[in-house]
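Chemist: The structure's right below; bear with me while I get my questions together.
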Amino acid sequence: MPRCEKFKTQLALYANGELPAKQRERVAAHLALCPSCRAEVEAYRQLAERMHDLPSPTIPEHALRGFTQAIMDQIAPRQRRRPRAFDFISHLFRPRWRYAWATAAMVALMFVLGLWYVPLEREGPPARKLAPLLQARAWDKLYYGLLEKETRALLLHEPVPTELLKTALVELLKKGERDLRMRAGLQRLLSAVTGRGSKLRDDSPSAKIMGVITARGYIPAPRKLVRGYDANVLLRELAKLPDGAEVTLAEIVNEKD
Amino acid sequence: MPSLNSFFQFKAPTPVLTERAFAELLEQQQRPLLGTALRLVGNLEEAKDLAQIAFIKLWQHRQRLQTERPAHFYLRRILVNLCIDHLRRKGKHGPALEFEEEFFIPASSNPQQQLEAKETQTRLWQCLNALPSKQKAALLLREVEGHTVAETAELLSCSQNTVLVNLHLARKKVKEKMQQWLLATEQSSS
């Protein structure tokens, strides 16, 4: 009977009262007509009764002996072992410290790389005379001389022939147009003269970011990097200078400051 | 709709199962729990182990218990899941399921009428034990232990429809086997 197939899966549920009301009515209507399905429902009812009548298993007394104790032993808090002297070493290598170790390794690596960039201390006393420095085009010596307090005043206020200062500075500026390092050196020099630049020993990238370690101690990086003197303004100023006179570094720079 | 106030109100932490409550639970529930385990697994030693594991797991995860339900509900749920896993593993790797009859069939005085009923019950247990673990668990919880479909679904951590499907399959199989057996016994007696 094709209609029976439709209800086959619902008969067991019907017999146990697990069907929703609507479906139950439909199944009941079908059962009124179909004796084979009625028989099946009856079989399911019998099965349910039989299962309901199944006695609950008898648990012998010996099975429960020690049952509670075994559980209580398991859940009892474990005795803590006495700490030993070098326990902290194994503690340091627990997984929860892995990020700390990774961070420490990174910091150490950055420190080593930073040391790589630390400029070397210059050797010997700073030069005291401006003219020979300009003639030799010894820009780094001039720069360091301007940084030192005792030589700075000497260098700033030493009168030199205008031609010398002009030719030397123009040469430096022109070179600086092509040579990035030279330009950086010029900026450094000008900032040393005006006293507005950073007081760093070096313009290396790491020095700008994290400061420099020198023989005198740690010099922190400036909060805001001061841009160097505008080279074009300086060129214009230099062109105005009359030839044959003597001029000091302070004079050129102070006018613009 | 809950107001913002009640939304932000501090919610008291759920009370944790105390050691005393656990001891009481252990006292009250060890027998019924062991019974359930025995029904599902069919072997007293294994049932004992599983029931103990269920208690220990309940204690270990007591922080995660919710207050809406009594603790013995969680206990039973843990046990049922443990038993199903156990049966599944055993069915895969171990020998055929053991069945210790002596715990299931009450040893009463043996008048002739009771003998038949006893035989039927033994056969029924054998049919139940031949079922797949989920179907067996569903049928036992629903029919033998008398839980509702909704309760069975929660104990088995599945939907009610899944339970109904499992029940249907299990009943069909058991019914067919029992009918075959009854026919065979009738033929042999006649």
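In the structure tokens, chains take letters A, B, ... by order of appearance, with residues numbered from 1 within each chain and ligands from 1 in the order shown.
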So that I can check the surroundings of Cys34 (chain A), please list as a list in words every protein, DNA and RNA residue that reaches within 12 Å of it, counting only C-alpha atoms and ignoring chain neighbours fewer than 2 positions away.
Modeler: Met1, Pro2, Arg3, Cys4, Glu5, Phe7, Lys8, Val27, Ala28, Ala29, His30, Leu31, Ala32, Ser36, Cys37, Arg38, Ala39, Glu40 and Val41 of chain A
Chemist: Using only C-alpha atoms, which residues of chain B come within 7 Å of chain A, and what is the closest atom pair for each, with the distance in Å to one decimal? Give it as JSON lines, sorted by chain and residue number.
Modeler:
```
{"residue": "B:Gly35", "atom": "CA", "partner": "A:Pro57", "partner_atom": "CA", "distance": 6.1}
{"residue": "B:Gln52", "atom": "CA", "partner": "A:Ile71", "partner_atom": "CA", "distance": 6.2}
{"residue": "B:Ile56", "atom": "CA", "partner": "A:Ile71", "partner_atom": "CA", "distance": 6.4}
{"residue": "B:Phe103", "atom": "CA", "partner": "A:Thr58", "partner_atom": "CA", "distance": 5.1}
{"residue": "B:Phe104", "atom": "CA", "partner": "A:Pro57", "partner_atom": "CA", "distance": 4.4}
{"residue": "B:Gln121", "atom": "CA", "partner": "A:Leu54", "partner_atom": "CA", "distance": 6.6}
{"residue": "B:Glu143", "atom": "CA", "partner": "A:His52", "partner_atom": "CA", "distance": 6.2}
{"residue": "B:Val144", "atom": "CA", "partner": "A:His52", "partner_atom": "CA", "distance": 5.3}
{"residue": "B:His168", "atom": "CA", "partner": "A:Ala12", "partner_atom": "CA", "distance": 6.2}
{"residue": "B:Lys175", "atom": "CA", "partner": "A:Leu47", "partner_atom": "CA", "distance": 6.7}
```
Chemist: For the residues in that selection, give me N, CA and C atoms as an mmCIF file, in the first residue's frame.
Modeler:
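After the write, result-v8.cif holds the following:
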```cif
data_model
loop_
_atom_site.group_PDB
_atom_site.id
_atom_site.type_symbol
_atom_site.label_atom_id
_atom_site.label_comp_id
_atom_site.auth_asym_id
_atom_site.auth_seq_id
_atom_site.Cartn_x
_atom_site.Cartn_y
_atom_site.Cartn_z
ATOM 1 N N GLY B 35 24.182 2.690 37.627
ATOM 2 C CA GLY B 35 23.152 1.936 36.922
ATOM 3 C C GLY B 35 23.088 2.333 35.455
ATOM 4 N N GLN B 52 33.252 6.879 37.664
ATOM 5 C CA GLN B 52 34.253 7.624 38.441
ATOM 6 C C GLN B 52 34.840 8.768 37.618
ATOM 7 N N ILE B 56 34.847 12.793 38.436
ATOM 8 C CA ILE B 56 36.087 13.571 38.479
ATOM 9 C C ILE B 56 36.029 14.728 37.476
ATOM 10 N N PHE B 103 23.859 -9.026 36.249
ATOM 11 C CA PHE B 103 23.468 -7.771 36.875
ATOM 12 C C PHE B 103 22.108 -7.297 36.378
ATOM 13 N N PHE B 104 21.674 -7.845 35.256
ATOM 14 C CA PHE B 104 20.468 -7.304 34.649
ATOM 15 C C PHE B 104 19.223 -8.106 34.945
ATOM 16 N N GLN B 121 13.550 -10.972 28.471
ATOM 17 C CA GLN B 121 14.355 -9.813 28.895
ATOM 18 C C GLN B 121 15.808 -9.966 28.465
ATOM 19 N N GLU B 143 13.418 5.175 26.833
ATOM 20 C CA GLU B 143 12.442 4.135 27.157
ATOM 21 C C GLU B 143 12.694 3.512 28.522
ATOM 22 N N VAL B 144 13.957 3.216 28.771
ATOM 23 C CA VAL B 144 14.227 2.473 30.005
ATOM 24 C C VAL B 144 14.330 3.427 31.185
ATOM 25 N N HIS B 168 13.772 6.095 16.278
ATOM 26 C CA HIS B 168 13.043 5.338 15.260
ATOM 27 C C HIS B 168 13.885 4.168 14.746
ATOM 28 N N LYS B 175 12.655 -4.116 17.256
ATOM 29 C CA LYS B 175 11.364 -4.765 17.008
ATOM 30 C C LYS B 175 11.537 -5.932 16.040
#
```
Chemist: Write out as a list in words each polymer residue whose atoms come within 9 Å of Ala127 (chain A), counting only C-alpha atoms; drop sequence neighbours fewer than 6 positions from it.
Modeler: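 The neighbour list is Leu133, Lys141, Leu142, Tyr144, Gly145, Thr151 and Leu155 of chain A.
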Chemist: Next, the residues of the selection above should be written as a compact mmCIF listing (two decimals), in the first residue's frame with N, CA, C and O atoms.
Modeler:
```
# COMPACT_ATOMS: atom_id res chain seq x y z
N LEU A 133 91.69 75.02 8.50
CA LEU A 133 90.62 74.04 8.28
C LEU A 133 89.92 74.30 6.96
O LEU A 133 89.59 73.39 6.20
N LYS A 141 86.49 68.13 10.87
CA LYS A 141 87.24 68.72 12.00
C LYS A 141 86.61 70.04 12.42
O LYS A 141 86.52 70.36 13.61
N LEU A 142 86.18 70.78 11.44
CA LEU A 142 85.53 72.06 11.73
C LEU A 142 84.25 71.82 12.55
O LEU A 142 83.97 72.53 13.53
N TYR A 144 83.49 69.28 14.45
CA TYR A 144 83.76 68.87 15.84
C TYR A 144 84.31 70.04 16.66
O TYR A 144 84.01 70.17 17.85
N GLY A 145 85.10 70.88 16.00
CA GLY A 145 85.63 72.06 16.70
C GLY A 145 84.51 72.98 17.14
O GLY A 145 84.54 73.54 18.23
N THR A 151 86.60 75.54 21.92
CA THR A 151 87.10 75.93 20.60
C THR A 151 86.04 76.63 19.77
O THR A 151 86.35 77.32 18.81
N LEU A 155 86.68 79.54 16.93
CA LEU A 155 86.42 79.31 15.50
C LEU A 155 85.38 80.28 14.96
O LEU A 155 85.49 80.78 13.84
```
Chemist: Just how far from CA of Glu163 (chain A) is CA of Glu148 (chain A), in Å to one decimal?
Modeler: 26.1 Å
Chemist: Can you tell me how far CA of Lys129 (chain A) sits from CA of Arg152 (chain A), in Å to one decimal?
Modeler: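 Separating CA of Lys129 (chain A) from CA of Arg152 (chain A) is a distance of 10.2 Å.
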Chemist: Kindly give the distance, in Å, that separates CA of Leu128 (chain B) and CA of Lys48 (chain B), rounded to a single decimal.
Modeler: 20.2 Å
Chemist: May I have the residues within 8 Å of Pro161 (chain A) as a short mmCIF file (atom, residue, chain, number, x, y, z; two decimals) with N, CA and C atoms, in the first residue's frame, using only C-alpha atoms and disregarding those fewer than 6 positions away in the same chain?
Modeler:
```cif
data_model
loop_
_atom_site.label_atom_id
_atom_site.label_comp_id
_atom_site.auth_asym_id
_atom_site.auth_seq_id
_atom_site.Cartn_x
_atom_site.Cartn_y
_atom_site.Cartn_z
N GLY A 244 88.27 91.01 -0.34
CA GLY A 244 89.41 91.68 0.28
C GLY A 244 89.22 92.02 1.73
N ALA A 245 88.06 91.80 2.26
CA ALA A 245 87.85 92.08 3.68
C ALA A 245 87.99 90.79 4.48
N GLU A 246 87.87 90.95 5.76
CA GLU A 246 87.92 89.75 6.62
C GLU A 246 86.57 89.60 7.31
N VAL A 247 86.19 88.40 7.49
CA VAL A 247 84.86 88.16 8.04
C VAL A 247 84.94 86.96 8.99
#
```
